[in-house]
Amino acid sequence: MMKRQGIAEALRDGITEEMERDQNVFCIGEDIAVPGGWGGAFTVTLGLEKKFPDRMIDTPIAELGFFGVATGAALMGMRPIADVQYGDFLFLAADQIINNAAKMRYMSGGKCKVPLVMRAPIGATGRGSQHAQSMERYFTGVPGLKVVAVSTAYDAKGMLKAAVRDDNPVLIFEHKLLYGSKGARAEPGAVDATSEIPDEDYTVPLNQAVVRRKGKDVTILGWLLMAHFSSSAAEQLAAEGIEAEVIDVRSLSPIDYKTIGESVRKTGRVVIVEEGPKTGGVSAEIAAGIMEYCGESLQAPVIRVASPDVPVPFTPILENAYRPDAARIMAAVRQLLT
Amino acid sequence: MSKTTLEKAPAASAAKYDHDFLAGLYHRMVLIREFEERVKFLFLEGTMPGTIHQCQGQEATATGVCATLAKDDFIVSTFRGHGHALAKGLTVQEMLDELFGAKTGCCQGKGGSMHMGNMDRGMIPAIAIVAGGIPLAAGMALAFKMKKTRQVAVCFFGDGAVAEGAFHEGVNMAALWDLPVIFVCENNYYGASTRIDKVMKNTQISDRAASYGFRGETLDGNDVLAVYEATRRATQECRSGKGPVLLELLTYRRTGHSRRDPCHYQAKDEKEEWFRRDPIERFAKVLVEQYDFDSAELAAIKTKIDAEITTAIERAQKAPHPTLADLLTDVMA
């Protein structure tokens, strides 16, 4: 049996099922468990305080503190899911995530582990530059920390479950325009990221990219909102006779060069699409990795489609120009093929 | 300022303790002192790699606190953690091996001086970021509370840590949720080279606890029995669900902040006053005058320790080092 769900609902079910399966799983964050409240800023934990009154913990506004608390609890065998309301707030928690959670195992000589899940919504949504950043780049390449980005409801549920069951710190990036939240918490400009979700328990591996659309002329790599725009661009390019292979990168640390490499060897041309400034993004890492892994297959240099190197502006006309879209992706593909 | 606070601090009670227990406390303090002194000379000789932040003068805080703890109570320590580690039950051998970078070290040579730890002894790798361990300790206590065990977490930190946001956030949540964690502030009057009165207006750190709604007390950190008794009270409160306690232990560093620090920033009269309150000398006096110890017995303890450390150093210097393959292991579980 299957049911169609959006990311917020699928995450809610995934968290519920993991908390039912394992008493050590708990949630910790701001405004996540308030009776009569919102279930977090994007409704993901709505109502869970009724099912799990002792394991849904509302915190003071103290990201450094409660990410540290979650790390400490994980060291003692609990399996916390800690979230920030906006990915931008991860900066406050960075000392605990990067200096503590990611390093404890190695600097103990393998004697302890940190089974900590962290969740963060990112992306530009008309709220101004401090509630709009794409934070992935600050946390990829941190040894000891797994980083993933979930673009569909199916992946969101499956990777959340895999992350809870993983004995390492896992940071899950979600996108504000992909939650599919309804009613008062619906986001203008939201994109359909719903999936058919099976009833039975399933997980999705944390370290694999996935081919969303097969093609032979060019490889388009994207994640989160950009994965959706890449698929949309590919559909439109097909009408022009260009068959693009679209890969949802999903795993940002580590990058799945096996899946990406198979595609690059087939197409020889790559466009990487990222929301966030071009300089120093995850795309730069992927481009370098492609050169090392399968560079001899490239028929042209890798092209990055990304935001300009500016903070995210508020006014809609500028924010929309900031954010890459299907048209810019298509322009990059045409540039590669001429 | 410091003198007045110290004079007001309650001394240890007149309770009687058994001989072996007291000998154990003395042994532990001398072990810490001798370990640190021998490591200092290995350093000055140039035979030991890395850096060290030592705790000579602060033996009573580590010893008194850890003497109240069970093996499965956990401590969170700092970059100045050798004393805490020895007091919690790490062996001289595993610590010396670690300092020499050997694979047989408590962290397989991958942690070093500032990350001493042994999960089987109830010590996570020490946290070298000032105040970084405070939220961790609160989280460990949260786990104990959620799992309904009787375990207690103890977080050591210095006077300098109190200025960090992590202190504020960590103690606030511990108080809010009645977590079984004891916050032990070793106030040695200096954060690195900066004196406490230069970094805060109210220098009585235990006052802060009341502002978060929990109990704090200041005591003479160089009186090992007073430290023991205060910590016992605190562990009893924690284990019965009363929430956290802040113990401010007044003490003093007899050594530099880190290697090669001659401490010119410590005033001569202040140093001399505190050296007169040396925790080991004072406890020896208590043992001889109030209990049935004689100085020969105490001297024998020191001699035995020195011999054990000598043997351990020889073994550590010959211990196997990690191979290049070990560089890449144990990043992920």
# chains A, B, ... in the order shown; residues from 1 in each chain; ligands from 1

$ residues_around --residues "A:Met107" --least-positions-apart "6" --cutoff "8 Å" --atoms "only C-alpha atoms" --output "list in words"
Cys107, Lys110, Gly111, His115 and Pro125 of chain B

$ interface_residues --of "chain A" --to "chain B" --cutoff "10 Å" --atoms "only C-alpha atoms" --output "number ranges by chain"
A: 23-24, 26, 54-55, 57, 59-80, 93, 95-96, 99-115, 143-146, 166-169

$ closest_residue --among "B:Tyr228, B:Tyr190, B:Phe43, B:Phe35" --to "B:Thr63" --atoms "only C-alpha atoms"
B:Tyr228

$ select_by_dssp --residues "stretch 143-310 of chain B" --states "helix (DSSP H, G or I)" --output "ChimeraX atom specification"
/B:143-147,159-163,165-176,196-198,207-212,224-239,268-275,279-290,295-310

$ residues_around --residues "A:Cys294" --least-positions-apart "3" --cutoff "12 Å" --atoms "only C-alpha atoms" --output "number ranges by chain"
A: 257-270, 286-291, 297-299, 302

$ write_last_selection --atoms "N, CA and C atoms" --output "compact mmCIF listing (two decimals), in the first residue's frame"
# COMPACT_ATOMS: atom_id res chain seq x y z
N TYR A 257 30.95 9.65 -5.96
CA TYR A 257 31.59 9.77 -7.27
C TYR A 257 31.37 8.55 -8.15
N LYS A 258 30.96 7.45 -7.56
CA LYS A 258 30.71 6.25 -8.38
C LYS A 258 29.52 6.52 -9.31
N THR A 259 28.39 6.98 -8.72
CA THR A 259 27.21 7.26 -9.53
C THR A 259 27.46 8.42 -10.48
N ILE A 260 28.10 9.47 -9.95
CA ILE A 260 28.37 10.65 -10.78
C ILE A 260 29.35 10.28 -11.90
N GLY A 261 30.36 9.48 -11.56
CA GLY A 261 31.38 9.08 -12.55
C GLY A 261 30.78 8.28 -13.70
N GLU A 262 29.86 7.37 -13.38
CA GLU A 262 29.22 6.57 -14.45
C GLU A 262 28.53 7.49 -15.44
N SER A 263 27.90 8.53 -14.91
CA SER A 263 27.19 9.47 -15.78
C SER A 263 28.17 10.30 -16.61
N VAL A 264 29.21 10.80 -15.96
CA VAL A 264 30.17 11.66 -16.66
C VAL A 264 30.88 10.89 -17.77
N ARG A 265 31.15 9.61 -17.50
CA ARG A 265 31.81 8.80 -18.55
C ARG A 265 30.90 8.63 -19.75
N LYS A 266 29.59 8.69 -19.50
CA LYS A 266 28.62 8.53 -20.59
C LYS A 266 28.44 9.84 -21.36
N THR A 267 28.29 10.95 -20.62
CA THR A 267 27.93 12.20 -21.28
C THR A 267 29.12 13.10 -21.61
N GLY A 268 30.16 13.06 -20.77
CA GLY A 268 31.34 13.90 -20.99
C GLY A 268 31.13 15.37 -20.69
N ARG A 269 29.91 15.77 -20.30
CA ARG A 269 29.65 17.19 -20.03
C ARG A 269 28.84 17.34 -18.75
N VAL A 270 29.23 18.33 -17.91
CA VAL A 270 28.60 18.45 -16.59
C VAL A 270 28.21 19.88 -16.29
N ILE A 286 32.70 19.34 -5.86
CA ILE A 286 32.28 18.29 -6.79
C ILE A 286 33.04 18.42 -8.11
N ALA A 287 33.23 19.65 -8.58
CA ALA A 287 33.96 19.84 -9.84
C ALA A 287 35.39 19.31 -9.72
N ALA A 288 36.05 19.62 -8.62
CA ALA A 288 37.41 19.13 -8.41
C ALA A 288 37.42 17.61 -8.33
N GLY A 289 36.45 17.05 -7.63
CA GLY A 289 36.38 15.60 -7.49
C GLY A 289 36.14 14.90 -8.81
N ILE A 290 35.28 15.51 -9.64
CA ILE A 290 35.02 14.93 -10.97
C ILE A 290 36.31 14.90 -11.79
N MET A 291 37.06 15.98 -11.70
CA MET A 291 38.34 16.01 -12.46
C MET A 291 39.26 14.90 -12.01
N SER A 297 37.28 11.77 -18.96
CA SER A 297 36.06 11.62 -19.75
C SER A 297 35.42 12.95 -20.13
N LEU A 298 35.91 14.03 -19.54
CA LEU A 298 35.28 15.33 -19.80
C LEU A 298 35.62 15.82 -21.20
N GLN A 299 34.56 16.24 -21.92
CA GLN A 299 34.78 16.82 -23.25
C GLN A 299 34.77 18.34 -23.19
N VAL A 302 33.78 21.71 -16.58
CA VAL A 302 32.56 21.68 -15.77
C VAL A 302 32.01 23.10 -15.62

$ residues_around --residues "A:Pro205" --least-positions-apart "4" --cutoff "10 Å" --atoms "only C-alpha atoms" --output "list in words"
Asp155, Gly158, Met159, Leu160, Lys161, Ala162, Ala163, Ala209, Arg250 and Ser251 of chain A

$ residues_around --residues "A:Gln130" --least-positions-apart "2" --cutoff "10 Å" --atoms "only C-alpha atoms" --output "number ranges by chain"
A: 86-89, 124, 127-128, 132-133, 311-313

$ residues_around --residues "A:Ala10" --least-positions-apart "4" --cutoff "9 Å" --atoms "only C-alpha atoms" --output "MDAnalysis selection string"
chainID A and resid 5:6 14:15 44 153:154 156:158 194:195 197

$ atom_distance --atom1 "atom CA of A:Pro277" --atom2 "atom CA of A:Asp325"
14.0 Å

$ select_by_dssp --residues "stretch 28-269 of chain B" --states "strand (DSSP E)" --output "MDAnalysis selection string"
chainID B and resid 74:76 153:158 181:187 190:191 194:195 215:220 245:250

$ closest_residue --among "B:Gly122, B:Gly160, B:Pro244, B:Pro322" --to "B:Lys145" --atoms "only C-alpha atoms"
B:Pro244

$ residues_around --residues "A:Ser134" --least-positions-apart "2" --cutoff "6 Å" --atoms "only C-alpha atoms" --output "list in words"
Ile122, Gly123, Glu136 and Gly276 of chain A

$ closest_residue --among "A:Leu221, A:Ile303, A:Val147, A:Met56" --to "A:Phe173" --atoms "only C-alpha atoms"
A:Val147

$ closest_residue --among "B:Ile305, B:Ala230, B:Val288, B:Ala316" --to "B:His19" --atoms "only C-alpha atoms"
B:Val288

$ closest_residue --among "B:Leu25, B:Val130, B:Ala163, B:Ile32" --to "B:Lys198" --atoms "only C-alpha atoms"
B:Ala163

$ closest_residue --among "B:Arg38, B:Arg259, B:Arg233, B:Arg215" --to "B:Thr310" --atoms "only C-alpha atoms"
B:Arg38

$ atom_distance --atom1 "atom CA of A:Arg304" --atom2 "atom CA of A:Glu240"
21.5 Å
